[in-house]
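Source file target.txt; content: compact mmCIF, C-alpha atoms and all ligand atoms.
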# COMPACT_ATOMS: atom_id res chain seq x y z
CA MET A 285 115.09 75.45 130.58
CA ASN A 286 113.00 76.58 127.66
CA ILE A 287 113.84 74.91 124.39
CA PRO A 288 111.89 75.93 121.27
CA PHE A 289 111.34 73.52 118.41
CA VAL A 290 113.22 75.85 116.05
CA ASP A 291 114.90 79.18 116.74
CA LEU A 292 114.98 81.31 113.60
CA LYS A 293 116.00 84.34 115.64
CA ALA A 294 119.25 82.74 116.76
CA GLN A 295 120.23 82.24 113.14
CA TYR A 296 119.26 85.80 112.21
CA ASN A 297 121.28 87.21 115.10
CA SER A 298 124.34 85.22 114.05
CA ILE A 299 124.42 86.93 110.60
CA LYS A 300 122.34 90.03 111.33
CA SER A 301 124.52 92.59 109.57
CA GLU A 302 124.74 90.53 106.37
CA ILE A 303 120.97 90.04 106.26
CA ASP A 304 120.22 93.66 107.07
CA ASP A 305 122.62 94.85 104.36
CA ALA A 306 121.08 92.46 101.84
CA ILE A 307 117.58 93.75 102.58
CA GLY A 308 118.73 97.36 102.54
CA ASN A 309 120.37 96.96 99.14
CA VAL A 310 117.29 95.47 97.51
CA ILE A 311 115.10 98.26 98.84
CA SER A 312 117.47 101.10 97.96
CA GLU A 313 117.88 99.67 94.45
CA THR A 314 114.13 98.82 94.20
CA ALA A 315 115.11 95.41 92.80
CA PHE A 316 111.85 93.86 93.94
CA ILE A 317 110.84 91.48 91.16
CA GLY A 318 113.39 89.80 88.92
CA GLY A 319 116.66 91.67 88.54
CA LYS A 320 120.17 91.07 89.72
CA TYR A 321 119.57 89.61 93.18
CA VAL A 322 117.28 86.92 91.81
CA LYS A 323 119.74 86.11 89.03
CA LYS A 324 122.60 86.05 91.55
CA PHE A 325 120.91 83.57 93.85
CA GLU A 326 119.89 81.31 90.96
CA THR A 327 123.48 81.22 89.70
CA GLU A 328 124.95 80.59 93.15
CA PHE A 329 122.50 77.81 93.99
CA ALA A 330 122.95 76.07 90.62
CA ASN A 331 126.75 76.32 90.93
CA LEU A 332 126.75 74.91 94.44
CA TYR A 333 124.86 71.89 93.10
CA GLY A 334 126.80 71.64 89.87
CA VAL A 335 123.51 71.72 87.96
CA LYS A 336 122.95 73.79 84.80
CA HIS A 337 119.72 75.56 85.68
CA CYS A 338 118.12 76.95 88.80
CA ILE A 339 114.67 78.46 88.19
CA SER A 340 113.47 80.37 91.21
CA VAL A 341 109.75 80.32 91.98
CA ALA A 342 107.39 81.57 94.67
CA ASN A 343 107.42 78.47 96.88
CA GLY A 344 108.20 74.76 97.01
CA THR A 345 104.67 73.74 96.10
CA ASP A 346 104.54 75.70 92.84
CA SER A 347 107.90 74.19 91.90
CA LEU A 348 106.41 70.67 91.97
CA TYR A 349 103.33 71.80 90.06
CA ILE A 350 105.32 73.66 87.40
CA ILE A 351 107.61 70.67 86.82
CA MET A 352 104.71 68.27 86.33
CA LYS A 353 102.69 70.70 84.22
CA MET A 354 105.61 71.32 81.87
CA LEU A 355 106.34 67.60 81.60
CA GLY A 356 102.83 67.31 80.20
CA ILE A 357 101.35 65.43 83.13
CA GLN A 358 97.58 65.80 82.95
CA GLU A 359 94.16 64.31 83.53
CA GLY A 360 94.15 60.57 83.00
CA ASP A 361 97.76 60.19 84.17
CA GLU A 362 98.97 58.71 87.44
CA VAL A 363 101.92 59.88 89.53
CA ILE A 364 103.41 57.77 92.30
CA THR A 365 104.55 59.32 95.56
CA SER A 366 105.07 58.54 99.23
CA ALA A 367 102.15 57.93 101.59
CA TYR A 368 104.00 60.02 104.17
CA SER A 369 104.89 63.61 103.32
CA TRP A 370 103.70 67.17 103.48
CA ILE A 371 100.59 67.56 101.33
CA SER A 372 102.39 69.53 98.60
CA SER A 373 103.87 66.26 97.31
CA SER A 374 100.42 64.95 96.39
CA GLU A 375 98.16 68.00 96.02
CA THR A 376 100.29 69.24 93.13
CA ILE A 377 99.69 65.93 91.33
CA SER A 378 95.95 66.54 91.60
CA GLN A 379 96.41 70.17 90.50
CA THR A 380 97.63 68.95 87.12
CA GLY A 381 94.51 66.80 86.77
CA ALA A 382 96.46 63.56 87.34
CA THR A 383 95.76 61.06 90.12
CA PRO A 384 98.14 60.62 93.07
CA VAL A 385 99.08 57.00 93.73
CA PHE A 386 100.50 56.38 97.19
CA VAL A 387 103.17 53.89 98.20
CA ASP A 388 103.79 53.03 101.85
CA ILE A 389 107.08 53.96 103.51
CA ASP A 390 110.08 52.05 104.74
CA GLU A 391 109.82 51.30 108.45
CA ASN A 392 113.36 52.31 109.26
CA TYR A 393 113.93 55.37 107.05
CA TYR A 394 110.37 56.72 106.47
CA THR A 395 111.09 57.23 102.77
CA ILE A 396 109.00 55.64 100.01
CA ASN A 397 109.37 51.85 100.12
CA GLU A 398 111.10 51.27 96.80
CA ALA A 399 110.25 47.56 96.92
CA GLU A 400 106.55 48.41 96.60
CA ILE A 401 106.73 50.91 93.76
CA GLU A 402 106.51 48.50 90.85
CA LYS A 403 103.24 47.01 92.08
CA LYS A 404 101.65 50.43 91.65
CA ILE A 405 102.82 51.10 88.11
CA THR A 406 100.09 50.95 85.44
CA SER A 407 99.87 52.02 81.80
CA LYS A 408 98.78 55.44 83.09
CA THR A 409 101.81 56.05 85.32
CA LYS A 410 103.97 58.95 84.15
CA ALA A 411 106.25 59.84 87.03
CA ILE A 412 107.56 58.99 90.48
CA ILE A 413 108.07 61.70 93.10
CA PRO A 414 110.51 60.44 95.72
CA VAL A 415 110.37 62.68 98.80
CA HIS A 416 113.64 62.90 100.72
CA ILE A 417 111.81 63.24 104.00
CA HIS A 418 113.35 64.78 107.16
CA GLY A 419 116.61 65.15 105.18
CA GLN A 420 116.82 61.39 104.66
CA ILE A 421 117.47 60.54 101.04
CA CYS A 422 115.48 57.83 99.22
CA GLU A 423 117.09 54.68 97.80
CA MET A 424 117.77 56.46 94.52
CA ASP A 425 119.64 53.67 92.71
CA LYS A 426 116.59 51.43 92.89
CA ILE A 427 114.10 54.20 92.15
CA LEU A 428 116.05 55.41 89.12
CA ALA A 429 116.32 51.83 87.81
CA ILE A 430 112.56 51.25 88.17
CA ALA A 431 111.84 54.57 86.43
CA LYS A 432 114.20 53.74 83.59
CA LYS A 433 112.71 50.28 83.09
CA HIS A 434 109.17 51.69 82.84
CA GLY A 435 109.98 54.97 81.08
CA LEU A 436 108.89 57.22 83.96
CA TYR A 437 110.09 60.65 85.01
CA VAL A 438 111.70 61.01 88.43
CA ILE A 439 110.90 64.32 90.12
CA GLU A 440 112.74 64.75 93.42
CA ASP A 441 110.95 66.59 96.23
CA CYS A 442 113.92 68.14 98.07
CA ALA A 443 111.96 70.53 100.27
CA GLN A 444 113.39 68.86 103.40
CA SER A 445 116.73 67.73 102.05
CA HIS A 446 119.02 70.59 101.10
CA PHE A 447 122.49 69.11 100.60
CA SER A 448 121.58 65.53 101.52
CA GLU A 449 123.54 62.96 99.53
CA PHE A 450 123.21 59.38 98.30
CA LYS A 451 126.47 57.65 97.38
CA GLY A 452 128.13 61.02 96.86
CA ARG A 453 125.34 62.44 94.69
CA ARG A 454 123.29 65.30 96.03
CA ALA A 455 119.53 65.14 96.45
CA GLY A 456 118.11 67.14 93.58
CA THR A 457 120.68 66.16 90.98
CA MET A 458 119.38 62.72 90.02
CA GLY A 459 115.90 63.14 88.53
CA ILE A 460 114.70 64.99 85.40
CA ALA A 461 114.06 67.97 87.69
CA SER A 462 113.91 68.63 91.40
CA SER A 463 111.89 70.86 93.65
CA PHE A 464 113.16 72.90 96.62
CA SER A 465 111.36 74.92 99.26
CA PHE A 466 112.91 77.84 101.11
CA TYR A 467 110.02 78.22 103.57
CA PRO A 468 111.47 79.96 106.66
CA GLY A 469 111.72 76.78 108.75
CA LYS A 470 113.40 74.70 106.05
CA ASN A 471 117.15 74.05 106.24
CA LEU A 472 117.76 76.96 103.88
CA GLY A 473 114.96 79.34 104.72
CA ALA A 474 113.90 82.71 103.32
CA TYR A 475 111.96 85.31 105.31
CA GLY A 476 108.73 84.44 103.58
CA ASP A 477 107.73 81.92 100.91
CA ALA A 478 110.31 80.92 98.32
CA GLY A 479 111.31 77.92 96.22
CA CYS A 480 113.19 76.76 93.15
CA ILE A 481 113.58 74.07 90.52
CA LEU A 482 116.88 72.48 89.49
CA THR A 483 117.37 70.76 86.15
CA ASN A 484 120.10 69.98 83.63
CA ASP A 485 117.62 69.96 80.72
CA ASP A 486 117.91 73.22 78.69
CA ALA A 487 114.53 72.98 76.98
CA LEU A 488 112.69 72.14 80.19
CA ALA A 489 114.46 74.96 82.04
CA ASP A 490 113.05 77.44 79.51
CA LYS A 491 109.59 75.96 79.88
CA PHE A 492 109.69 76.13 83.68
CA ARG A 493 110.87 79.74 83.57
CA MET A 494 108.25 80.67 81.03
CA TYR A 495 105.36 79.00 82.84
CA ALA A 496 106.30 80.59 86.18
CA ASN A 497 106.25 84.02 84.55
CA HIS A 498 102.88 84.16 82.75
CA GLY A 499 104.07 81.99 79.90
CA ALA A 500 106.61 84.56 78.70
CA LEU A 501 110.39 84.40 78.52
CA GLN A 502 110.43 87.98 77.25
CA LYS A 503 108.01 90.62 78.34
CA HIS A 504 104.72 90.54 76.41
CA GLN A 505 105.81 87.50 74.36
CA HIS A 506 103.33 85.08 75.90
CA GLN A 507 103.87 81.77 74.17
CA ILE A 508 101.55 79.91 76.52
CA GLU A 509 99.29 80.85 79.40
CA GLY A 510 101.22 80.46 82.61
CA ILE A 511 101.03 81.47 86.24
CA ASN A 512 102.67 84.12 88.41
CA SER A 513 105.15 82.26 90.58
CA ARG A 514 108.30 84.32 91.06
CA LEU A 515 110.89 84.65 93.77
CA ASP A 516 111.13 88.27 94.87
CA GLY A 517 114.37 90.20 95.19
CA LEU A 518 114.24 90.49 98.97
CA GLN A 519 113.96 86.74 99.44
CA ALA A 520 116.69 86.11 96.87
CA ALA A 521 119.10 88.50 98.59
CA ILE A 522 118.36 86.93 101.99
CA LEU A 523 118.97 83.45 100.58
CA SER A 524 122.26 84.58 99.01
CA ALA A 525 123.36 85.99 102.36
CA LYS A 526 122.64 82.62 104.01
CA LEU A 527 124.12 80.41 101.32
CA PRO A 528 127.77 80.65 102.48
CA TYR A 529 126.70 79.10 105.81
CA ILE A 530 124.44 76.30 104.65
CA LEU A 531 127.03 73.51 104.62
CA LYS A 532 128.21 74.49 108.09
CA TRP A 533 124.61 74.58 109.31
CA THR A 534 124.02 71.13 107.80
CA ASP A 535 127.05 69.84 109.72
CA GLU A 536 125.64 71.37 112.91
CA ARG A 537 122.34 69.56 112.34
CA ASN A 538 124.33 66.35 112.00
CA ARG A 539 126.15 67.16 115.23
CA CYS A 540 122.79 67.50 117.00
CA ALA A 541 121.49 64.24 115.54
CA LYS A 542 124.64 62.36 116.50
CA LYS A 543 124.27 63.60 120.07
CA TYR A 544 120.63 62.51 120.23
CA LEU A 545 121.46 59.08 118.77
CA GLU A 546 124.23 58.63 121.33
CA LEU A 547 122.14 59.73 124.32
CA LEU A 548 118.96 57.89 123.35
CA ALA A 549 120.63 54.66 122.23
CA ASP A 550 119.83 52.81 125.45
CA VAL A 551 116.26 54.09 125.85
CA LYS A 552 114.33 50.97 124.89
CA SER A 553 110.93 52.62 124.57
CA VAL A 554 112.20 55.06 121.96
CA THR A 555 113.18 54.22 118.39
CA CYS A 556 115.20 56.84 116.55
CA THR A 557 114.93 56.91 112.77
CA GLY A 558 117.74 55.05 111.01
CA VAL A 559 120.25 56.74 108.73
CA ARG A 560 120.53 55.18 105.28
CA PRO A 561 123.98 53.66 104.64
CA ASP A 562 126.14 55.46 102.04
CA SER A 563 124.12 58.62 102.55
CA LYS A 564 124.55 62.05 104.02
CA HIS A 565 121.54 63.11 106.04
CA SER A 566 120.66 66.79 106.43
CA PHE A 567 118.41 66.32 109.47
CA HIS A 568 115.68 68.78 108.67
CA LEU A 569 113.85 66.87 111.40
CA PHE A 570 114.93 64.48 114.12
CA MET A 571 112.23 61.89 114.61
CA ILE A 572 111.58 59.39 117.33
CA ARG A 573 108.86 56.77 117.58
CA THR A 574 107.24 55.61 120.81
CA ASN A 575 103.89 54.09 121.68
CA ARG A 576 103.48 56.62 124.52
CA ARG A 577 103.84 59.61 122.20
CA ASP A 578 101.06 61.87 123.49
CA ASP A 579 102.05 61.47 127.14
CA LEU A 580 105.72 62.01 126.32
CA GLN A 581 104.93 65.14 124.34
CA ALA A 582 102.85 66.54 127.22
CA TYR A 583 105.59 65.73 129.72
CA LEU A 584 108.29 67.40 127.61
CA LYS A 585 106.08 70.45 127.23
CA SER A 586 105.70 70.67 131.01
CA GLU A 587 109.52 70.63 131.22
CA GLY A 588 109.85 73.49 128.72
CA ILE A 589 110.62 71.43 125.62
CA GLU A 590 108.64 72.11 122.47
CA THR A 591 108.07 69.17 120.12
CA VAL A 592 105.91 68.74 117.01
CA VAL A 593 104.08 65.87 115.33
CA HIS A 594 105.08 65.73 111.66
CA TYR A 595 102.50 64.67 110.54
CA PRO A 596 99.42 63.55 112.46
CA LYS A 597 97.92 61.89 109.36
CA ALA A 598 99.47 59.97 106.49
CA LEU A 599 98.49 61.49 103.14
CA PRO A 600 96.07 58.74 102.03
CA ASN A 601 94.19 59.09 105.33
CA LEU A 602 93.45 62.81 104.91
CA ASP A 603 89.83 63.80 104.29
CA CYS A 604 90.76 65.37 100.96
CA TYR A 605 91.64 61.92 99.57
CA LYS A 606 88.36 60.22 100.48
CA TYR A 607 87.37 60.68 96.85
CA LEU A 608 90.09 58.24 95.80
CA ASN A 609 88.25 55.43 97.66
CA LEU A 610 91.55 53.81 98.56
CA GLU A 611 91.19 50.27 99.78
CA GLU A 612 94.73 49.79 101.01
CA SER A 613 95.84 50.48 104.54
CA TYR A 614 99.46 51.79 104.24
CA PRO A 615 100.35 50.07 107.53
CA VAL A 616 103.70 51.75 108.21
CA ALA A 617 102.64 55.31 107.43
CA THR A 618 99.33 54.81 109.26
CA GLY A 619 100.94 53.08 112.25
CA ASN A 620 103.32 56.02 112.65
CA GLU A 621 100.49 58.53 113.06
CA SER A 622 100.13 57.88 116.77
CA GLN A 623 103.82 57.21 117.46
CA ILE A 624 106.07 59.76 115.78
CA LEU A 625 107.44 62.86 117.45
CA SER A 626 109.90 65.49 116.16
CA LEU A 627 112.42 66.70 118.71
CA PRO A 628 113.97 70.19 118.54
CA ILE A 629 116.75 70.39 115.97
CA PHE A 630 118.43 73.46 114.49
CA PRO A 631 122.08 74.41 113.93
CA GLU A 632 122.30 76.61 117.02
CA LEU A 633 120.87 73.96 119.40
CA SER A 634 123.55 73.27 122.02
CA ASN A 635 124.73 69.84 123.15
CA GLU A 636 123.74 70.95 126.64
CA SER A 637 120.14 71.46 125.53
CA ILE A 638 120.15 68.08 123.79
CA GLY A 639 121.46 66.54 127.00
CA TYR A 640 118.60 68.14 128.91
CA ILE A 641 116.03 66.84 126.40
CA ALA A 642 117.50 63.31 126.52
CA ASP A 643 117.48 63.38 130.34
CA LYS A 644 113.82 64.38 130.39
CA ILE A 645 112.94 61.60 127.94
CA LYS A 646 114.74 59.09 130.16
CA GLU A 647 113.03 60.48 133.25
CA PHE A 648 109.63 60.05 131.60
CA PHE A 649 110.19 56.40 130.76
CA LYS A 650 111.58 55.59 134.22
CA ALA A 651 108.57 57.04 136.00
C1 LIG B 701 107.65 72.29 102.78
C2 LIG B 701 107.41 71.20 101.81
C3 LIG B 701 106.92 71.44 100.50
C4 LIG B 701 106.35 72.75 100.07
O1 LIG B 701 107.06 73.85 100.26
P1 LIG B 701 106.40 75.31 100.40
O2 LIG B 701 107.55 76.19 100.07
O3 LIG B 701 105.91 75.45 101.79
O4 LIG B 701 105.30 75.42 99.39
C5 LIG B 701 106.86 70.39 99.62
N1 LIG B 701 107.22 69.15 99.97
C6 LIG B 701 107.66 68.87 101.21
C7 LIG B 701 108.07 67.46 101.53
C8 LIG B 701 107.75 69.88 102.17
O5 LIG B 701 108.20 69.57 103.40
Show this structure as structure tokens.
Amino acid sequence: MNIPFVDLKAQYNSIKSEIDDAIGNVISETAFIGGKYVKKFETEFANLYGVKHCISVANGTDSLYIIMKMLGIQEGDEVITSAYSWISSSETISQTGATPVFVDIDENYYTINEAEIEKKITSKTKAIIPVHIHGQICEMDKILAIAKKHGLYVIEDCAQSHFSEFKGRRAGTMGIASSFSFYPGKNLGAYGDAGCILTNDDALADKFRMYANHGALQKHQHQIEGINSRLDGLQAAILSAKLPYILKWTDERNRCAKKYLELLADVKSVTCTGVRPDSKHSFHLFMIRTNRRDDLQAYLKSEGIETVVHYPKALPNLDCYKYLNLEESYPVATGNESQILSLPIFPELSNESIGYIADKIKEFFKA
């Protein structure tokens, strides 16, 4: 068997005519930048979330940066985020001139350890960025309460958590604004870079839209200097074509995860990531932890199974953060570096393939 880590082609083939039509329409109508397909996707995505505003942008990194910039976060400020994420969560803090402040993660869920957030709050702290990592939502009740007590903004990084939920509330609907990525491999993926911001705040929505489009809401009316960060029509039309399937695809990811959890339950050398109670996971990734990670990964590769390490280094341990002279050790995030492994997961992955992967994992640990 040959099992890829993700199979974007399988998804394309399952809705090929809809995607091809969507692309054809944009080209024949030359609706490349702005225009009706962008507007349509923004409206559909906002409606699906029951949020007032969706502001589409070029990618899920710009969305974080634009939110912080328009909230006035700047040099001298501090923003708290997770020690374990993709670098966008922290590099965008630095882009505003502010300083990223890392908090270690929960051992079981890999999300920011909410019990350690308050220790990191100073008079300079302006915001908390909870990252709903792998599709696992953060403990939002506690994070929102801490933010309220200290007067901080909560900016949700939802790049990996499309349609995850916490106590019936969707990821991306709880903070002042939230950031989504539609990078091709994300749960809702475009065919290139794409992203968006969700917010219920009318004034902020205008600011985000303005900043992402050279500081102008109307052509040539530049109220501020901005950046060029727009979703293009082709990506918008592709995303609209995929949107009717996203909840079904999220269910399929849950089906895969359930199968893994069932088949790996009695493998003592492997720890699967927990699922937070009262939550709905969207399983962007399915993670295991084992102290024989490198050997297991090599063995699975030799048996035709592609796996990935997300991520080999915790954020505070990256070279680019040496300048922060951090004295802490972030034991959970750092300890995971040599142990975590992402197994294949995508909506089209069959139970048979998952059975094969689980068998090979068991074989490895028996040998
Ligand atoms: C993918 C990702 C981003 C950035 O998204 P891009 O669209 O690739 O810029 C931000 N945060 C997290 C947690 C991500 O996984």
Residues near stretch 391-406 of chain A, cut-off 10 Å, all atoms listed in the file, skip fewer than 3 positions along chain, as a PDB file with C-alpha atoms, in the frame of the given file:
ATOM      1  CA  ASP A 361      97.760  60.190  84.170  1.00  0.00           C
ATOM      2  CA  GLU A 362      98.970  58.710  87.440  1.00  0.00           C
ATOM      3  CA  VAL A 363     101.920  59.880  89.530  1.00  0.00           C
ATOM      4  CA  ILE A 364     103.410  57.770  92.300  1.00  0.00           C
ATOM      5  CA  THR A 365     104.550  59.320  95.560  1.00  0.00           C
ATOM      6  CA  SER A 366     105.070  58.540  99.230  1.00  0.00           C
ATOM      7  CA  ALA A 367     102.150  57.930 101.590  1.00  0.00           C
ATOM      8  CA  TYR A 368     104.000  60.020 104.170  1.00  0.00           C
ATOM      9  CA  SER A 369     104.890  63.610 103.320  1.00  0.00           C
ATOM     10  CA  VAL A 385      99.080  57.000  93.730  1.00  0.00           C
ATOM     11  CA  PHE A 386     100.500  56.380  97.190  1.00  0.00           C
ATOM     12  CA  VAL A 387     103.170  53.890  98.200  1.00  0.00           C
ATOM     13  CA  ASP A 388     103.790  53.030 101.850  1.00  0.00           C
ATOM     14  CA  THR A 409     101.810  56.050  85.320  1.00  0.00           C
ATOM     15  CA  LYS A 410     103.970  58.950  84.150  1.00  0.00           C
ATOM     16  CA  ALA A 411     106.250  59.840  87.030  1.00  0.00           C
ATOM     17  CA  ILE A 412     107.560  58.990  90.480  1.00  0.00           C
ATOM     18  CA  ILE A 413     108.070  61.700  93.100  1.00  0.00           C
ATOM     19  CA  PRO A 414     110.510  60.440  95.720  1.00  0.00           C
ATOM     20  CA  VAL A 415     110.370  62.680  98.800  1.00  0.00           C
ATOM     21  CA  HIS A 416     113.640  62.900 100.720  1.00  0.00           C
ATOM     22  CA  ILE A 417     111.810  63.240 104.000  1.00  0.00           C
ATOM     23  CA  HIS A 418     113.350  64.780 107.160  1.00  0.00           C
ATOM     24  CA  GLY A 419     116.610  65.150 105.180  1.00  0.00           C
ATOM     25  CA  GLN A 420     116.820  61.390 104.660  1.00  0.00           C
ATOM     26  CA  ILE A 421     117.470  60.540 101.040  1.00  0.00           C
ATOM     27  CA  CYS A 422     115.480  57.830  99.220  1.00  0.00           C
ATOM     28  CA  GLU A 423     117.090  54.680  97.800  1.00  0.00           C
ATOM     29  CA  MET A 424     117.770  56.460  94.520  1.00  0.00           C
ATOM     30  CA  ASP A 425     119.640  53.670  92.710  1.00  0.00           C
ATOM     31  CA  LYS A 426     116.590  51.430  92.890  1.00  0.00           C
ATOM     32  CA  ILE A 427     114.100  54.200  92.150  1.00  0.00           C
ATOM     33  CA  ILE A 430     112.560  51.250  88.170  1.00  0.00           C
ATOM     34  CA  ALA A 431     111.840  54.570  86.430  1.00  0.00           C
ATOM     35  CA  HIS A 434     109.170  51.690  82.840  1.00  0.00           C
ATOM     36  CA  LEU A 436     108.890  57.220  83.960  1.00  0.00           C
ATOM     37  CA  THR A 555     113.180  54.220 118.390  1.00  0.00           C
ATOM     38  CA  CYS A 556     115.200  56.840 116.550  1.00  0.00           C
ATOM     39  CA  THR A 557     114.930  56.910 112.770  1.00  0.00           C
ATOM     40  CA  GLY A 558     117.740  55.050 111.010  1.00  0.00           C
ATOM     41  CA  VAL A 559     120.250  56.740 108.730  1.00  0.00           C
ATOM     42  CA  ARG A 560     120.530  55.180 105.280  1.00  0.00           C
ATOM     43  CA  MET A 571     112.230  61.890 114.610  1.00  0.00           C
ATOM     44  CA  PRO A 615     100.350  50.070 107.530  1.00  0.00           C
ATOM     45  CA  VAL A 616     103.700  51.750 108.210  1.00  0.00           C
ATOM     46  CA  ALA A 617     102.640  55.310 107.430  1.00  0.00           C
ATOM     47  CA  GLY A 619     100.940  53.080 112.250  1.00  0.00           C
ATOM     48  CA  ASN A 620     103.320  56.020 112.650  1.00  0.00           C
TER      49      ASN A 620
END
- Item | Residue neighbourhood stretch 462-478 of chain A, 9 Å, only C-alpha atoms, exclusion window fewer than 2 positions, as a PyMOL selection string | chain A and resi 290-292+340-348+351+419+438-446+455-460+480-483+514-516+518-520+522-523+526-527+530+533-534+566-568+630
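Taking atom CA of A:Ser563 and atom CA of A:Ala330 as endpoints, the distance between them is 21.2 Å.
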- To one decimal in Å, tell me the separation between atom CA of A:Ser513 and atom CA of A:Phe447. 24.0 Å
Counting all atoms listed in the file, what is within 10 Å of A:Glu587, bar same-chain residues fewer than 2 positions away, as a JSON list (two decimals) with C-alpha atoms, in the frame of the given file?
[["chain", "number", "residue", "atom", "x", "y", "z"],
["A", 285, "MET", "CA", 115.09, 75.45, 130.58],
["A", 286, "ASN", "CA", 113.00, 76.58, 127.66],
["A", 287, "ILE", "CA", 113.84, 74.91, 124.39],
["A", 581, "GLN", "CA", 104.93, 65.14, 124.34],
["A", 582, "ALA", "CA", 102.85, 66.54, 127.22],
["A", 583, "TYR", "CA", 105.59, 65.73, 129.72],
["A", 584, "LEU", "CA", 108.29, 67.40, 127.61],
["A", 585, "LYS", "CA", 106.08, 70.45, 127.23],
["A", 589, "ILE", "CA", 110.62, 71.43, 125.62],
["A", 590, "GLU", "CA", 108.64, 72.11, 122.47],
["A", 640, "TYR", "CA", 118.60, 68.14, 128.91],
["A", 641, "ILE", "CA", 116.03, 66.84, 126.40],
["A", 644, "LYS", "CA", 113.82, 64.38, 130.39]]
- Item | Test item: residues at most 12 Å from A:Asp579, only C-alpha atoms, excluding those fewer than 5 positions along its chain, as a ChimeraX atom specification | /A:574,584-586,622-623,625,645,648-649,651
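Rounded to one decimal, atom CA of A:Ile350 and atom CA of A:Tyr495 lie 7.0 Å from each other.
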- Query: Within 12 Å of A:Tyr605, counting only C-alpha atoms, which residues qualify if same-chain residues fewer than 5 places away don't, as a PyMOL selection string?
  - Reply: chain A and resi 367+371+374-375+378+383-386+597-600+610-611
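The shortest atom-to-atom distance to ligand LIG 701 (chain B), with all atoms listed in the file taken into account, belongs to A:Thr376 out of A:Ser407, A:Ser626, A:Thr376, A:Ser637.
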